[in-house]
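Next comes input.cif, a file with mmCIF, C-alpha atoms and all ligand atoms.
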data_final
#
loop_
_atom_site.label_atom_id
_atom_site.label_comp_id
_atom_site.auth_asym_id
_atom_site.auth_seq_id
_atom_site.Cartn_x
_atom_site.Cartn_y
_atom_site.Cartn_z
CA MET A 1 110.68 162.40 135.41
CA LYS A 2 109.42 162.98 131.90
CA VAL A 3 107.65 166.26 131.20
CA GLU A 4 104.65 164.52 129.67
CA ASP A 5 104.35 162.27 132.72
CA PHE A 6 104.42 165.26 135.06
CA GLU A 7 101.77 166.98 132.98
CA LEU A 8 99.57 163.89 132.91
CA LEU A 9 99.82 163.35 136.68
CA ALA A 10 99.28 167.03 137.50
CA LYS A 11 96.24 167.14 135.22
CA THR A 12 94.80 163.97 136.75
CA VAL A 13 95.25 165.24 140.31
CA LYS A 14 93.68 168.59 139.42
CA GLU A 15 90.69 166.94 137.75
CA ARG A 16 90.10 164.72 140.77
CA SER A 17 90.72 167.08 143.66
CA GLY A 18 91.20 170.62 142.40
CA LEU A 19 94.78 170.60 143.70
CA VAL A 20 97.08 172.61 141.46
CA LEU A 21 100.62 171.31 141.02
CA SER A 22 102.90 173.84 139.41
CA LYS A 23 106.12 172.70 137.67
CA ASP A 24 108.23 173.52 140.73
CA LYS A 25 106.30 170.80 142.60
CA ALA A 26 107.80 168.02 140.46
CA TYR A 27 110.08 166.98 143.33
CA LEU A 28 107.07 166.78 145.67
CA LEU A 29 105.24 164.63 143.16
CA GLU A 30 108.21 162.29 142.93
CA THR A 31 108.73 161.90 146.68
CA ARG A 32 105.04 161.37 147.37
CA LEU A 33 104.30 159.07 144.45
CA MET A 34 107.22 156.66 144.69
CA PRO A 35 105.65 154.91 147.70
CA VAL A 36 102.34 154.72 145.80
CA ALA A 37 104.10 153.12 142.82
CA ARG A 38 105.77 150.59 145.12
CA LYS A 39 102.47 149.77 146.82
CA HIS A 40 100.99 148.95 143.41
CA GLY A 41 104.00 146.87 142.38
CA LEU A 42 105.15 149.41 139.79
CA LYS A 43 108.82 150.12 139.14
CA GLY A 44 108.71 153.88 138.88
CA LEU A 45 106.81 156.92 137.73
CA ASP A 46 106.96 155.80 134.05
CA GLU A 47 105.02 152.65 134.84
CA LEU A 48 102.75 154.57 137.17
CA SER A 49 101.95 157.09 134.43
CA ASP A 50 101.19 154.27 131.99
CA GLN A 51 98.70 152.87 134.47
CA VAL A 52 97.09 156.29 134.80
CA ARG A 53 96.77 156.46 131.00
CA ARG A 54 94.96 153.13 131.22
CA ARG A 55 92.62 154.66 133.80
CA ASN A 56 93.54 152.44 136.74
CA GLU A 57 90.99 153.99 139.12
CA THR A 58 92.29 152.61 142.44
CA LEU A 59 95.72 153.87 141.55
CA ILE A 60 94.37 157.29 140.56
CA GLY A 61 92.54 157.48 143.91
CA ASP A 62 95.74 156.65 145.79
CA ILE A 63 97.71 159.22 143.78
CA THR A 64 95.17 161.93 144.62
CA GLU A 65 95.26 161.07 148.33
CA ALA A 66 99.05 161.05 148.36
CA MET A 67 99.25 164.54 146.87
CA THR A 68 96.85 166.31 149.25
CA THR A 69 98.16 167.93 152.43
CA ASN A 70 96.29 166.67 155.48
CA GLU A 71 97.99 168.75 158.14
CA SER A 72 95.53 169.89 160.80
CA LEU A 73 95.41 170.76 164.47
CA PHE A 74 92.91 171.29 167.24
CA PHE A 75 91.55 174.85 167.53
CA ARG A 76 93.70 175.89 164.59
CA ASP A 77 94.66 179.59 164.92
CA ASN A 78 92.58 179.83 168.14
CA LYS A 79 90.87 183.15 167.26
CA PRO A 80 88.22 181.69 164.95
CA PHE A 81 87.13 179.34 167.69
CA ASP A 82 87.19 182.05 170.37
CA GLN A 83 84.96 184.12 168.11
CA PHE A 84 82.73 181.15 167.44
CA LYS A 85 82.13 180.87 171.17
CA ALA A 86 81.85 184.57 171.93
CA ALA A 87 79.92 185.84 168.90
CA VAL A 88 78.55 183.11 166.65
CA LEU A 89 77.02 180.77 169.23
CA PRO A 90 75.15 183.51 171.13
CA GLY A 91 74.03 185.08 167.85
CA LEU A 92 72.70 181.79 166.55
CA MET A 93 71.00 180.93 169.82
CA LYS A 94 68.98 184.08 169.46
CA ALA A 95 68.25 183.62 165.77
CA ARG A 96 67.34 179.92 166.10
CA GLU A 97 65.44 180.17 169.37
CA GLY A 98 62.31 178.77 167.66
CA GLN A 99 63.66 175.57 166.16
CA LYS A 100 66.67 175.13 168.52
CA ARG A 101 68.56 173.38 165.77
CA VAL A 102 71.92 174.31 164.23
CA ARG A 103 73.67 172.66 161.32
CA ILE A 104 77.45 172.98 160.93
CA TRP A 105 79.62 171.71 158.10
CA SER A 106 83.35 171.11 158.29
CA ALA A 107 84.02 170.83 154.56
CA ALA A 108 87.65 169.61 154.50
CA CYS A 109 87.92 168.03 157.92
CA SER A 110 91.15 166.05 157.45
CA SER A 111 91.76 163.87 160.53
CA GLY A 112 88.89 165.43 162.49
CA GLN A 113 90.54 168.06 164.68
CA GLU A 114 88.36 170.87 163.30
CA PRO A 115 84.89 169.32 163.81
CA TYR A 116 85.96 167.83 167.14
CA SER A 117 87.18 171.24 168.34
CA LEU A 118 83.68 172.50 167.61
CA SER A 119 81.97 169.62 169.40
CA MET A 120 84.13 170.09 172.50
CA LEU A 121 83.44 173.79 172.42
CA ILE A 122 79.70 173.20 172.19
CA LYS A 123 79.83 170.53 174.90
CA GLU A 124 81.63 172.99 177.17
CA GLU A 125 78.69 175.38 176.90
CA GLY A 126 76.78 172.73 178.82
CA ALA A 127 73.44 173.56 180.38
CA LYS A 128 72.81 176.58 178.14
CA LEU A 129 72.38 174.23 175.20
CA THR A 130 70.36 171.31 176.60
CA ASP A 131 67.31 170.81 174.35
CA TRP A 132 69.33 172.26 171.45
CA ARG A 133 70.35 170.03 168.62
CA PHE A 134 73.70 170.54 166.89
CA ASP A 135 74.36 168.55 163.76
CA ILE A 136 77.99 168.63 162.76
CA MET A 137 78.70 167.19 159.34
CA ALA A 138 82.35 166.61 158.49
CA THR A 139 83.62 165.66 155.06
CA ASP A 140 86.89 165.19 153.23
CA ILE A 141 87.94 163.82 149.88
CA SER A 142 90.32 161.37 151.55
CA MET A 143 88.82 158.11 152.77
CA GLU A 144 91.95 157.51 154.81
CA MET A 145 91.41 160.82 156.66
CA ILE A 146 87.70 160.10 157.20
CA ASN A 147 88.58 156.76 158.78
CA LYS A 148 91.23 158.30 160.98
CA ALA A 149 88.83 161.05 162.04
CA LYS A 150 86.06 158.57 162.86
CA ALA A 151 88.41 156.54 165.04
CA GLY A 152 89.26 159.65 167.07
CA ILE A 153 92.69 158.32 168.06
CA TYR A 154 95.52 160.85 168.23
CA THR A 155 99.23 160.77 168.98
CA GLN A 156 100.86 162.57 171.87
CA PHE A 157 102.20 165.09 169.37
CA GLU A 158 98.73 165.76 167.87
CA VAL A 159 97.03 166.34 171.24
CA GLN A 160 99.67 168.88 172.22
CA ARG A 161 99.06 171.20 169.32
CA GLY A 162 96.19 173.58 170.00
CA LEU A 163 94.30 171.48 172.51
CA PRO A 164 94.12 172.99 176.03
CA ILE A 165 95.24 170.51 178.70
CA THR A 166 91.93 170.84 180.54
CA LEU A 167 90.08 169.53 177.47
CA LEU A 168 92.58 166.68 177.06
CA ILE A 169 91.96 165.55 180.63
CA LYS A 170 88.23 165.89 180.28
CA TYR A 171 87.53 164.33 176.90
CA PHE A 172 90.35 161.87 176.15
CA LYS A 173 91.35 158.49 177.51
CA GLN A 174 94.92 157.34 177.37
CA ASN A 175 96.04 154.08 175.85
CA GLY A 176 99.81 153.78 175.80
CA ASP A 177 101.10 156.69 173.76
CA LYS A 178 97.74 157.17 172.04
CA TRP A 179 94.87 159.39 173.15
CA ILE A 180 91.32 158.31 172.42
CA LEU A 181 88.53 160.86 172.16
CA ASP A 182 85.41 160.26 174.24
CA SER A 183 82.52 158.68 172.33
CA ALA A 184 80.20 161.44 173.57
CA ILE A 185 82.25 163.94 171.54
CA ARG A 186 82.75 161.61 168.58
CA SER A 187 79.05 160.90 168.27
CA MET A 188 78.32 164.61 167.81
CA VAL A 189 80.02 164.52 164.40
CA GLN A 190 78.88 162.69 161.32
CA PHE A 191 81.73 161.87 158.93
CA LYS A 192 81.57 160.99 155.27
CA PRO A 193 83.78 161.23 152.19
CA PHE A 194 82.89 164.10 149.90
CA ASN A 195 84.69 165.85 147.06
CA LEU A 196 84.21 169.63 147.00
CA LEU A 197 84.40 169.60 143.20
CA GLU A 198 81.10 167.75 143.09
CA SER A 199 77.74 169.47 143.27
CA LEU A 200 77.06 170.60 146.83
CA SER A 201 73.31 170.78 146.34
CA GLY A 202 72.63 167.45 148.06
CA MET A 203 74.25 168.58 151.29
CA GLY A 204 71.24 170.47 152.62
CA GLN A 205 71.30 173.86 154.32
CA PHE A 206 73.88 174.90 156.88
CA ASP A 207 74.09 177.70 159.43
CA ILE A 208 77.87 177.60 159.64
CA VAL A 209 80.45 176.29 157.21
CA PHE A 210 84.12 175.78 158.02
CA CYS A 211 86.05 175.48 154.78
CA ARG A 212 89.54 176.13 156.03
CA ASN A 213 92.94 175.58 154.47
CA VAL A 214 91.77 173.74 151.39
CA LEU A 215 90.84 176.45 148.84
CA ILE A 216 94.44 177.60 149.09
CA TYR A 217 95.44 174.58 146.97
CA PHE A 218 92.95 175.37 144.16
CA ASP A 219 93.11 177.76 141.21
CA GLN A 220 90.92 180.89 141.10
CA ALA A 221 88.18 179.33 138.95
CA THR A 222 87.86 176.30 141.24
CA LYS A 223 87.88 178.49 144.36
CA GLY A 224 85.07 180.56 142.88
CA LYS A 225 82.99 177.54 141.98
CA VAL A 226 83.32 175.97 145.42
CA LEU A 227 82.55 179.28 147.17
CA ASP A 228 79.45 179.85 145.04
CA GLY A 229 78.35 176.30 145.80
CA ILE A 230 78.77 176.93 149.53
CA ALA A 231 76.80 180.18 149.26
CA ASN A 232 73.87 178.20 147.87
CA GLN A 233 73.90 175.85 150.88
CA LEU A 234 74.35 178.53 153.52
CA ALA A 235 71.45 180.13 155.39
CA ASP A 236 71.09 183.85 154.60
CA ASP A 237 72.17 184.72 158.15
CA GLY A 238 74.86 182.02 158.24
CA VAL A 239 78.62 182.43 158.29
CA LEU A 240 81.54 180.90 156.44
CA TYR A 241 84.97 180.42 157.97
CA LEU A 242 88.05 180.37 155.74
CA GLY A 243 91.69 179.72 156.66
CA GLY A 244 94.09 182.51 157.62
CA ALA A 245 95.63 182.75 154.14
CA GLU A 246 92.33 182.54 152.25
CA THR A 247 89.85 185.16 151.14
CA VAL A 248 86.74 185.70 149.01
CA LEU A 249 87.94 189.06 147.72
CA GLY A 250 88.47 189.08 143.99
CA ILE A 251 87.08 185.54 143.72
CA THR A 252 83.33 185.76 144.28
CA ASP A 253 80.82 188.47 145.11
CA ARG A 254 78.50 186.08 146.92
CA PHE A 255 80.42 186.63 150.19
CA ALA A 256 81.76 189.63 152.11
CA PRO A 257 83.98 189.76 155.21
CA VAL A 258 82.11 190.08 158.52
CA PRO A 259 83.36 193.42 159.93
CA GLY A 260 85.70 192.99 162.87
CA TYR A 261 86.10 189.22 162.57
CA ARG A 262 89.06 187.97 160.56
CA GLY A 263 88.45 184.81 158.56
CA MET A 264 84.67 185.05 158.93
CA TYR A 265 82.44 185.75 155.91
CA GLN A 266 78.77 186.53 155.47
CA LYS A 267 76.50 186.20 152.47
CA LYS A 268 76.30 189.36 150.37
CA GLY A 269 73.11 191.14 151.31
CA GLY A 270 72.53 188.92 154.35
CA THR A 271 72.76 189.93 158.01
CA PRO A 272 74.77 187.31 159.86
CA ALA A 273 73.43 185.93 163.13
CA VAL A 274 76.56 187.08 164.91
CA VAL A 275 77.06 189.42 167.84
CA PRO A 276 78.68 192.47 166.17
CA ALA A 277 82.31 193.10 166.98
CA SER A 278 82.86 195.98 169.39
CA THR A 279 84.89 198.65 167.63
CA MET B 280 109.80 191.57 177.45
CA LYS B 281 108.16 188.62 179.24
CA SER B 282 110.31 186.40 181.40
CA CYS B 283 110.35 182.63 181.68
CA LEU B 284 112.08 180.58 184.34
CA VAL B 285 113.23 177.24 182.91
CA VAL B 286 113.57 174.63 185.65
CA ASP B 287 115.20 171.35 184.62
CA ASP B 288 118.14 169.33 185.94
CA SER B 289 119.27 168.60 182.40
CA ARG B 290 121.55 171.28 181.01
CA VAL B 291 120.79 170.16 177.49
CA ILE B 292 117.02 170.53 177.97
CA ARG B 293 117.51 173.99 179.52
CA MET B 294 119.60 174.98 176.53
CA VAL B 295 117.05 173.73 173.98
CA ALA B 296 114.19 175.41 175.84
CA ARG B 297 116.18 178.64 176.13
CA LYS B 298 116.79 178.73 172.41
CA ILE B 299 113.12 178.20 171.56
CA LEU B 300 111.89 180.71 174.15
CA GLU B 301 114.38 183.38 173.17
CA GLU B 302 113.17 183.07 169.61
CA LEU B 303 109.68 183.72 170.97
CA ASN B 304 111.05 186.86 172.65
CA PHE B 305 111.21 185.68 176.24
CA GLU B 306 113.91 186.62 178.66
CA VAL B 307 115.09 183.26 180.00
CA ILE B 308 116.30 182.49 183.51
CA GLU B 309 117.53 178.98 184.36
CA ALA B 310 117.37 176.85 187.49
CA GLU B 311 118.62 173.27 187.92
CA ASP B 312 116.15 172.21 190.59
CA GLY B 313 113.03 173.32 192.45
CA LYS B 314 114.97 174.83 195.34
CA VAL B 315 117.06 177.10 193.13
CA ALA B 316 113.88 178.03 191.24
CA LEU B 317 112.03 178.89 194.44
CA ASP B 318 114.90 181.11 195.59
CA ALA B 319 114.71 182.92 192.27
CA CYS B 320 110.93 183.36 192.61
CA ASN B 321 111.32 184.72 196.13
CA LYS B 322 113.46 187.50 194.68
CA SER B 323 111.29 188.22 191.67
CA LEU B 324 108.38 186.42 190.04
CA PRO B 325 108.68 185.54 186.34
CA ASP B 326 105.74 185.64 183.90
CA ALA B 327 106.07 181.94 183.20
CA VAL B 328 107.75 178.82 184.55
CA LEU B 329 108.60 175.87 182.31
CA LEU B 330 108.88 173.11 184.86
CA ASP B 331 110.38 169.61 184.88
CA TRP B 332 108.95 167.09 187.36
CA ASN B 333 111.76 164.78 188.46
CA MET B 334 114.70 166.73 189.84
CA PRO B 335 117.07 166.28 192.80
CA VAL B 336 116.77 168.43 195.98
CA MET B 337 113.22 169.68 195.25
CA ASP B 338 111.01 168.26 192.50
CA GLY B 339 108.66 170.18 190.23
CA LEU B 340 105.48 169.44 192.14
CA GLU B 341 106.93 170.52 195.48
CA PHE B 342 108.17 173.70 193.85
CA LEU B 343 104.74 174.38 192.35
CA VAL B 344 102.98 173.94 195.70
CA ALA B 345 105.45 176.35 197.34
CA LEU B 346 105.17 178.84 194.49
CA ARG B 347 101.39 178.92 194.80
CA GLN B 348 101.81 180.21 198.39
CA LEU B 349 103.79 183.28 197.34
CA PRO B 350 102.00 186.64 197.10
CA GLY B 351 101.36 187.60 193.47
CA ASN B 352 101.79 183.99 192.26
CA GLU B 353 98.48 184.01 190.43
CA ASN B 354 100.08 186.01 187.64
CA VAL B 355 102.68 183.30 187.05
CA GLN B 356 101.78 180.80 184.32
CA VAL B 357 103.23 177.41 185.14
CA ILE B 358 103.74 174.93 182.33
CA PHE B 359 104.95 171.49 183.28
CA CYS B 360 107.37 169.92 180.83
CA THR B 361 108.10 166.34 181.76
CA THR B 362 108.39 162.70 180.71
CA GLU B 363 105.61 161.87 183.19
CA ASN B 364 103.14 161.31 180.39
CA ASP B 365 100.18 159.73 182.11
CA LEU B 366 96.79 161.14 182.93
CA GLU B 367 97.28 160.73 186.68
CA HIS B 368 100.35 162.93 186.76
CA ILE B 369 98.69 165.52 184.55
CA GLN B 370 95.65 165.66 186.83
CA LYS B 371 97.83 165.98 189.91
CA ALA B 372 99.77 168.85 188.34
CA ILE B 373 96.63 170.73 187.31
CA SER B 374 95.08 170.34 190.79
CA ALA B 375 98.28 171.71 192.30
CA GLY B 376 97.94 174.84 190.17
CA ALA B 377 99.73 174.14 186.88
CA ASN B 378 98.24 176.05 183.94
CA GLU B 379 99.42 173.82 181.13
CA TYR B 380 101.30 170.57 180.62
CA ILE B 381 103.81 169.44 178.02
CA MET B 382 104.64 165.78 177.61
CA LYS B 383 108.24 165.31 176.48
CA PRO B 384 109.59 165.11 173.86
CA PHE B 385 108.67 168.65 172.89
CA ASP B 386 109.51 170.89 169.95
CA SER B 387 109.17 174.58 169.25
CA GLU B 388 105.69 174.13 167.85
CA ILE B 389 104.38 172.54 171.05
CA ILE B 390 106.06 175.22 173.20
CA GLN B 391 104.51 177.91 171.06
CA SER B 392 101.08 176.28 171.21
CA LYS B 393 101.17 175.94 175.01
CA PHE B 394 102.44 179.48 175.63
CA THR B 395 99.64 180.72 173.40
CA GLN B 396 97.20 178.64 175.41
CA VAL B 397 98.14 180.41 178.65
CA GLY B 398 97.90 183.81 176.98
CA LEU B 399 101.58 184.72 176.86
CA LEU B 400 101.84 184.73 173.05
C1 LIG C 501 95.32 171.13 155.14
S1 LIG C 501 93.89 170.14 155.43
C2 LIG C 501 92.85 171.25 156.31
C3 LIG C 501 92.16 170.61 157.48
C4 LIG C 501 91.33 171.54 158.36
N1 LIG C 501 90.24 172.15 157.63
C5 LIG C 501 92.21 172.63 158.97
O1 LIG C 501 92.08 173.79 158.65
O2 LIG C 501 93.06 172.30 159.81
C6 LIG C 501 93.18 170.05 153.78
C7 LIG C 501 92.21 168.89 153.57
O3 LIG C 501 91.47 169.12 152.37
C8 LIG C 501 91.19 167.89 151.77
N2 LIG C 501 90.85 168.10 150.36
C9 LIG C 501 91.67 168.41 149.33
N3 LIG C 501 90.99 168.52 148.18
C10 LIG C 501 89.68 168.28 148.49
C11 LIG C 501 88.48 168.25 147.74
N4 LIG C 501 88.47 168.47 146.41
N5 LIG C 501 87.33 167.97 148.38
C12 LIG C 501 87.31 167.75 149.72
N6 LIG C 501 88.41 167.77 150.49
C13 LIG C 501 89.59 168.03 149.89
C14 LIG C 501 92.47 167.09 152.00
O4 LIG C 501 92.22 165.69 151.92
C15 LIG C 501 92.89 167.55 153.40
O5 LIG C 501 92.45 166.65 154.39
#

Before we go any further, please render this structure as structure tokens.
Ligand SMILES: C[S@@+](CC[C@H](N)C(=O)[O-])C[C@H]1O[C@@H](n2cnc3c(N)ncnc32)[C@H](O)[C@@H]1O
Amino acid sequence: MKVEDFELLAKTVKERSGLVLSKDKAYLLETRLMPVARKHGLKGLDELSDQVRRRNETLIGDITEAMTTNESLFFRDNKPFDQFKAAVLPGLMKAREGQKRVRIWSAACSSGQEPYSLSMLIKEEGAKLTDWRFDIMATDISMEMINKAKAGIYTQFEVQRGLPITLLIKYFKQNGDKWILDSAIRSMVQFKPFNLLESLSGMGQFDIVFCRNVLIYFDQATKGKVLDGIANQLADDGVLYLGGAETVLGITDRFAPVPGYRGMYQKKGGTPAVVPAST
Amino acid sequence: MKSCLVVDDSRVIRMVARKILEELNFEVIEAEDGKVALDACNKSLPDAVLLDWNMPVMDGLEFLVALRQLPGNENVQVIFCTTENDLEHIQKAISAGANEYIMKPFDSEIIQSKFTQVGLL
């Protein structure tokens, strides 16, 4: 592909989603965008680039979706969810005893495994949490992912990665080789499309934010901007979860690691509503 | 080193499972049916059993029921690994004392996920 076409497409994708495509990703761009070109009746990446120059918005949307990685799994990395159950939930139940209301945001939810893991986990707490209200908001830039997440239908492969068998039996119904999540779990999550590059100020305040395995695709400046935006929406005693390969260190001073809990971050100067890790 | 008994009447499946489990640092023992597996368990209990359902001589469920009678069996994590992919079979296996359940086909990622689930990884 032509250098100027690569540069145009990479710039467009970065403007839209934050995703950085370095030159060594040219092959990835080609393999992922050829199907998009075909879908739009275009012969190849030359014609596709011309259309982008003419600001064909539907095409640009499809290009952006095709370039993002949507890989996700239930209870990804396990530990963060174990800690959520053991330390964050009890901490919050103490701190929010008055209002009995908790707001959680899954900020790049992909096909829904992350917010649904949280709803199952909360549901499993059962009686302890009756009269509590948990609002789980789940967003993603990809409309396709939001629709898939809302449907709550997973393949045999997807339900075998990370999901304990006891939860599969309890919360899923089988239909052929597909597994359909119970509406009681689905209705705990509110899904909508949202681009993290936009202003986060309309999102309201959250007690917990999961923003996992998405910042890794952004450059430093974009990471910093998104993290600062999240800090503004997070309660002073709230916590932020990042993915295993992500950090706030060297990017923003609005967050600091919560001692003893990997992947968990607190607001600088705040005291998180979390049971301290035993050392 | 943790040990895993792989019980399956297909040699090919045992070989594939062995390769994946050895990469995860398990010592692998093989058995081609439930009876052979039970004999092995009577001599020494493994940390885990990866268990097929349909096998000649003694099937996976019969083996599991017998295993759960042996002293010390509660430390053995049993993971079914079978083409019986319906909810009824899964429920039956769990009631009989299985700890996890893999629906074939499987790959190394699923094995890893399930062995993590039962606390062996
Ligand atoms: C690898 S998935 C992570 C899913 C889940 N959080 C997890 O950890 O398993 C990354 C998701 O980020 C989404 N994404 C990429 N850029 C985004 C942006 N600018 N705003 C919102 N979501 C974005 C992608 O559509 C994709 O679904």

Kindly determine which residues of chain B lie within 7 Å of chain A, considering all atoms listed in the file, and give the answer as an MDAnalysis selection string. chainID B and resid 366 379:380 389 392 396

Would you mind reading off the distance between atom CA of Thr12 of chain A and atom C2 of ligand LIG 501 (chain C), one decimal, in Å?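 Those two atoms sit 21.0 Å apart.
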
Counting only C-alpha atoms and all ligand atoms, what residues are within 8 Å of ligand LIG 501 (chain C), given as an MDAnalysis selection string? chainID A and resid 16:19 65 68:74 76 106:114 139:142 145 193:197 210:215 217 243

Could you give me, as a ChimeraX atom specification, the residues that sit within 12 Å of (106.0, 182.7, 191.0) in the file's coordinates, counting only C-alpha atoms? /B:282-284,313,316-330,342-358,376-377

Which residue gives the smallest distance to Lys298 of chain B among B:Asp331, B:Asp386, B:Asp365, B:Asp338, with only C-alpha atoms counted? B:Asp386
